[in-house]
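Visitor: Structure incoming, see below.
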Amino acid sequence: MKKAFTLAEVLITLGIIGVVAAITIPSLITKINDRQNIVRWRKTYSVVNDAFKRVVGRDVPVCAFSGCRAMGPQINNANYSDFYFSNDFLEAFIEELKPMDMCYNQAEPKCSTKIWTNLKNGSYHLLNKPKISVAYYNWYIARFLLKDGSVVYMSGSHGGPWLSVDVNGPNNGPNQVGRDMFIIKVFEDKILPMGAQGTFNPAYNGEKCLCGEQFGLQIANPYFAGEGGKREVISGGCCSDYYIKNNK
């Protein structure tokens, strides 16, 4: 006599498989998406870095004033008191970056097209606390949409100037620093991903700026690297450098 599973046994087995799948599949999808975003970040950083180097190679001044510390000029007749970048750099950077679309928070062309509609204050969050928003001053002034769907932001407030990259655009989650939003510190002659030596203050972050939920500033409404330029990096900020240097 051949043995067979009963209907009840089959249903129980399928139920167990369903429970295991429900538990493991979302985690697996998250890991796959994170991996894809890391690959996108490396690619976009290379594009931005190459464009920056070409601009500097043309002897274009990056910042409005020496040291990238002073307040910036007017841009397209709008007063950006914390922009930092020179108008010459802005024009040359756009020429080299060749964005598909671009806009400004206040100046023309303003960010009113469809691709920017979900980009508002509070759109980006900490790695360790996905419900806590990053202060929008860090990324709100100028925005550039690249061909691969990533968005590059320019801003300068509180320890800047900054370039930052959303590798899959603001309308796609998780919109967390260190997962799909990465930070670049701008100097007069180079850029470095946040977490590289020289982008943070060891007195506040330790000798190494580490990537992980438990590392970095974990307060509400933080700046990329600390209010007043103290350069205490927010949670997830140092993943920018870590993922450039580590193939993980």
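Quick note on naming: the chains in the structure tokens go A, B, ... in the order shown, residues restart at 1 in each chain, and ligands are numbered from 1 in order of appearance.
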Using only C-alpha atoms, what does the table of segment 125-158 of chain A residues within 10 Å of segment 202-213 of chain A look like, with each row giving the shortest atom pair and its distance in Å to one decimal, sorted by chain and ascending number, as a tab-separated table?
Guide:
residue	atom	partner	partner_atom	distance
A:Leu126	CA	A:Glu213	CA	8.5
A:Leu127	CA	A:Glu213	CA	5.6
A:Asn128	CA	A:Glu213	CA	4.4
A:Lys129	CA	A:Glu213	CA	8.2
Visitor: Would you output that residue set with N, CA, C and O atoms, as a compact mmCIF listing (two decimals), in the first residue's frame?
Guide:
# COMPACT_ATOMS: atom_id res chain seq x y z
N LEU A 126 17.12 59.70 8.92
CA LEU A 126 18.31 59.06 9.47
C LEU A 126 18.31 57.57 9.20
O LEU A 126 17.25 56.95 9.05
N LEU A 127 19.49 56.98 9.17
CA LEU A 127 19.61 55.54 8.97
C LEU A 127 19.01 54.77 10.13
O LEU A 127 18.30 53.79 9.94
N ASN A 128 19.27 55.24 11.35
CA ASN A 128 18.81 54.48 12.52
C ASN A 128 17.38 54.81 12.90
O ASN A 128 16.72 54.04 13.60
N LYS A 129 16.86 55.96 12.44
CA LYS A 129 15.51 56.37 12.81
C LYS A 129 14.79 56.88 11.56
O LYS A 129 14.77 58.08 11.29
Visitor: Under the rule of at most 12 Å, produce a per-residue listing of segment 127-192 of chain A near segment 82-91 of chain A: chain, number, name, the closest pair of atoms, and the distance in Å, as JSON lines, using only C-alpha atoms.
Guide:
{"residue": "A:Tyr137", "atom": "CA", "partner": "A:Asp82", "partner_atom": "CA", "distance": 9.0}
{"residue": "A:Asn138", "atom": "CA", "partner": "A:Asp82", "partner_atom": "CA", "distance": 10.2}
{"residue": "A:Trp139", "atom": "CA", "partner": "A:Phe83", "partner_atom": "CA", "distance": 10.4}
{"residue": "A:Tyr140", "atom": "CA", "partner": "A:Phe83", "partner_atom": "CA", "distance": 10.1}
{"residue": "A:Ile141", "atom": "CA", "partner": "A:Phe83", "partner_atom": "CA", "distance": 7.4}
{"residue": "A:Ala142", "atom": "CA", "partner": "A:Phe83", "partner_atom": "CA", "distance": 9.2}
{"residue": "A:Arg143", "atom": "CA", "partner": "A:Leu90", "partner_atom": "CA", "distance": 11.4}
{"residue": "A:Phe144", "atom": "CA", "partner": "A:Leu90", "partner_atom": "CA", "distance": 11.4}
{"residue": "A:Tyr153", "atom": "CA", "partner": "A:Phe83", "partner_atom": "CA", "distance": 11.5}
{"residue": "A:Met154", "atom": "CA", "partner": "A:Phe83", "partner_atom": "CA", "distance": 8.0}
{"residue": "A:Ser155", "atom": "CA", "partner": "A:Phe83", "partner_atom": "CA", "distance": 5.7}
{"residue": "A:Gly156", "atom": "CA", "partner": "A:Phe83", "partner_atom": "CA", "distance": 5.1}
{"residue": "A:Ser157", "atom": "CA", "partner": "A:Asp82", "partner_atom": "CA", "distance": 5.6}
{"residue": "A:His158", "atom": "CA", "partner": "A:Asp82", "partner_atom": "CA", "distance": 8.8}
{"residue": "A:Gly159", "atom": "CA", "partner": "A:Asp82", "partner_atom": "CA", "distance": 10.5}
{"residue": "A:Gly160", "atom": "CA", "partner": "A:Tyr84", "partner_atom": "CA", "distance": 8.0}
{"residue": "A:Pro161", "atom": "CA", "partner": "A:Tyr84", "partner_atom": "CA", "distance": 6.2}
{"residue": "A:Trp162", "atom": "CA", "partner": "A:Tyr84", "partner_atom": "CA", "distance": 9.3}
{"residue": "A:Leu163", "atom": "CA", "partner": "A:Phe85", "partner_atom": "CA", "distance": 10.6}
{"residue": "A:Val186", "atom": "CA", "partner": "A:Phe85", "partner_atom": "CA", "distance": 9.5}
{"residue": "A:Phe187", "atom": "CA", "partner": "A:Phe85", "partner_atom": "CA", "distance": 10.3}
{"residue": "A:Glu188", "atom": "CA", "partner": "A:Phe85", "partner_atom": "CA", "distance": 9.7}
{"residue": "A:Asp189", "atom": "CA", "partner": "A:Phe89", "partner_atom": "CA", "distance": 11.7}
Visitor: Please determine, counting only C-alpha atoms, which residue among A:Pro109, A:Gly57, A:Gly149, A:Pro130 has the shortest atom-to-atom distance to Trp41 of chain A.
Guide: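 The answer is A:Gly149, which sits nearest to Trp41 of chain A.
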Visitor: Of the candidates A:Ala92, A:Val39, A:Leu146, A:Cys238, which shows the shortest atom-to-atom distance to Arg58 of chain A, using only C-alpha atoms?
Guide: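 Under the stated criterion, the closest residue is A:Ala92.
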Visitor: Skip segment 168-182 of chain A itself and residues of its chain fewer than 2 positions away, then list as number ranges by chain all residues within 8 Å of it, counting only C-alpha atoms.
Guide: A: 34, 37-38, 41, 115-116, 118-119, 123-127, 130, 149-151, 164-166, 184, 193-194, 211, 235-240
Visitor: Please dump the current selection as an mmCIF file, in the first residue's frame; keep N, CA and C atoms.
Guide:
data_model
loop_
_atom_site.group_PDB
_atom_site.id
_atom_site.type_symbol
_atom_site.label_atom_id
_atom_site.label_comp_id
_atom_site.auth_asym_id
_atom_site.auth_seq_id
_atom_site.Cartn_x
_atom_site.Cartn_y
_atom_site.Cartn_z
ATOM 1 N N ASP A 34 19.188 47.450 -1.386
ATOM 2 C CA ASP A 34 20.319 48.163 -0.799
ATOM 3 C C ASP A 34 21.581 47.941 -1.620
ATOM 4 N N ASN A 37 21.459 49.980 -4.720
ATOM 5 C CA ASN A 37 21.678 51.395 -4.428
ATOM 6 C C ASN A 37 23.156 51.704 -4.177
ATOM 7 N N ILE A 38 23.856 50.768 -3.564
ATOM 8 C CA ILE A 38 25.294 50.951 -3.345
ATOM 9 C C ILE A 38 26.035 51.002 -4.682
ATOM 10 N N TRP A 41 25.355 54.284 -6.230
ATOM 11 C CA TRP A 41 26.102 55.339 -5.556
ATOM 12 C C TRP A 41 27.525 55.418 -6.080
ATOM 13 N N ILE A 115 8.804 65.796 -11.584
ATOM 14 C CA ILE A 115 9.830 64.960 -10.953
ATOM 15 C C ILE A 115 10.227 65.462 -9.573
ATOM 16 N N TRP A 116 9.854 66.699 -9.241
ATOM 17 C CA TRP A 116 10.264 67.264 -7.953
ATOM 18 C C TRP A 116 9.110 67.346 -6.960
ATOM 19 N N ASN A 118 7.475 65.505 -4.915
ATOM 20 C CA ASN A 118 7.543 64.863 -3.601
ATOM 21 C C ASN A 118 8.768 65.291 -2.792
ATOM 22 N N LEU A 119 9.553 66.195 -3.327
ATOM 23 C CA LEU A 119 10.774 66.612 -2.641
ATOM 24 C C LEU A 119 10.482 67.843 -1.787
ATOM 25 N N SER A 123 11.911 65.067 3.556
ATOM 26 C CA SER A 123 11.902 63.943 2.623
ATOM 27 C C SER A 123 12.966 62.898 2.939
ATOM 28 N N TYR A 124 14.046 63.281 3.650
ATOM 29 C CA TYR A 124 15.126 62.348 3.945
ATOM 30 C C TYR A 124 15.265 62.129 5.443
ATOM 31 N N HIS A 125 15.698 60.916 5.793
ATOM 32 C CA HIS A 125 15.649 60.493 7.194
ATOM 33 C C HIS A 125 16.959 59.821 7.607
ATOM 34 N N LEU A 126 17.125 59.700 8.918
ATOM 35 C CA LEU A 126 18.310 59.062 9.473
ATOM 36 C C LEU A 126 18.313 57.568 9.198
ATOM 37 N N LEU A 127 19.495 56.979 9.175
ATOM 38 C CA LEU A 127 19.610 55.538 8.969
ATOM 39 C C LEU A 127 19.008 54.773 10.134
ATOM 40 N N PRO A 130 14.178 55.976 10.807
ATOM 41 C CA PRO A 130 13.614 56.345 9.506
ATOM 42 C C PRO A 130 12.445 57.314 9.562
ATOM 43 N N GLY A 149 18.647 58.498 -13.464
ATOM 44 C CA GLY A 149 17.559 58.654 -12.499
ATOM 45 C C GLY A 149 17.993 59.166 -11.145
ATOM 46 N N SER A 150 19.290 59.285 -10.917
ATOM 47 C CA SER A 150 19.769 59.823 -9.650
ATOM 48 C C SER A 150 19.618 61.343 -9.649
ATOM 49 N N VAL A 151 19.576 61.904 -8.445
ATOM 50 C CA VAL A 151 19.432 63.347 -8.290
ATOM 51 C C VAL A 151 20.597 63.869 -7.450
ATOM 52 N N SER A 164 25.082 66.260 -2.513
ATOM 53 C CA SER A 164 24.536 64.996 -2.025
ATOM 54 C C SER A 164 23.760 64.321 -3.138
ATOM 55 N N VAL A 165 23.614 63.008 -3.037
ATOM 56 C CA VAL A 165 23.076 62.211 -4.141
ATOM 57 C C VAL A 165 21.980 61.280 -3.638
ATOM 58 N N ASP A 166 20.815 61.378 -4.264
ATOM 59 C CA ASP A 166 19.762 60.378 -4.083
ATOM 60 C C ASP A 166 19.835 59.463 -5.297
ATOM 61 N N ILE A 184 28.410 64.220 0.007
ATOM 62 C CA ILE A 184 29.729 64.579 -0.494
ATOM 63 C C ILE A 184 30.128 65.925 0.084
ATOM 64 N N PRO A 193 33.723 61.790 -0.280
ATOM 65 C CA PRO A 193 32.496 61.250 0.316
ATOM 66 C C PRO A 193 32.531 61.383 1.831
ATOM 67 N N MET A 194 31.394 61.692 2.434
ATOM 68 C CA MET A 194 31.324 61.840 3.878
ATOM 69 C C MET A 194 31.826 60.571 4.571
ATOM 70 N N CYS A 211 30.233 53.377 9.485
ATOM 71 C CA CYS A 211 28.950 53.181 8.809
ATOM 72 C C CYS A 211 28.110 52.195 9.601
ATOM 73 N N SER A 235 23.709 59.778 11.686
ATOM 74 C CA SER A 235 23.637 58.332 11.492
ATOM 75 C C SER A 235 23.440 58.000 10.013
ATOM 76 N N GLY A 236 24.344 57.188 9.477
ATOM 77 C CA GLY A 236 24.298 56.817 8.057
ATOM 78 C C GLY A 236 25.181 57.665 7.175
ATOM 79 N N GLY A 237 25.644 58.819 7.694
ATOM 80 C CA GLY A 237 26.427 59.726 6.865
ATOM 81 C C GLY A 237 27.737 59.131 6.393
ATOM 82 N N CYS A 238 28.407 58.390 7.276
ATOM 83 C CA CYS A 238 29.726 57.857 6.929
ATOM 84 C C CYS A 238 29.659 56.631 6.028
ATOM 85 N N CYS A 239 28.465 56.145 5.759
ATOM 86 C CA CYS A 239 28.321 55.052 4.795
ATOM 87 C C CYS A 239 28.722 55.518 3.397
ATOM 88 N N SER A 240 28.670 56.827 3.167
ATOM 89 C CA SER A 240 29.026 57.370 1.855
ATOM 90 C C SER A 240 30.445 56.981 1.475
#
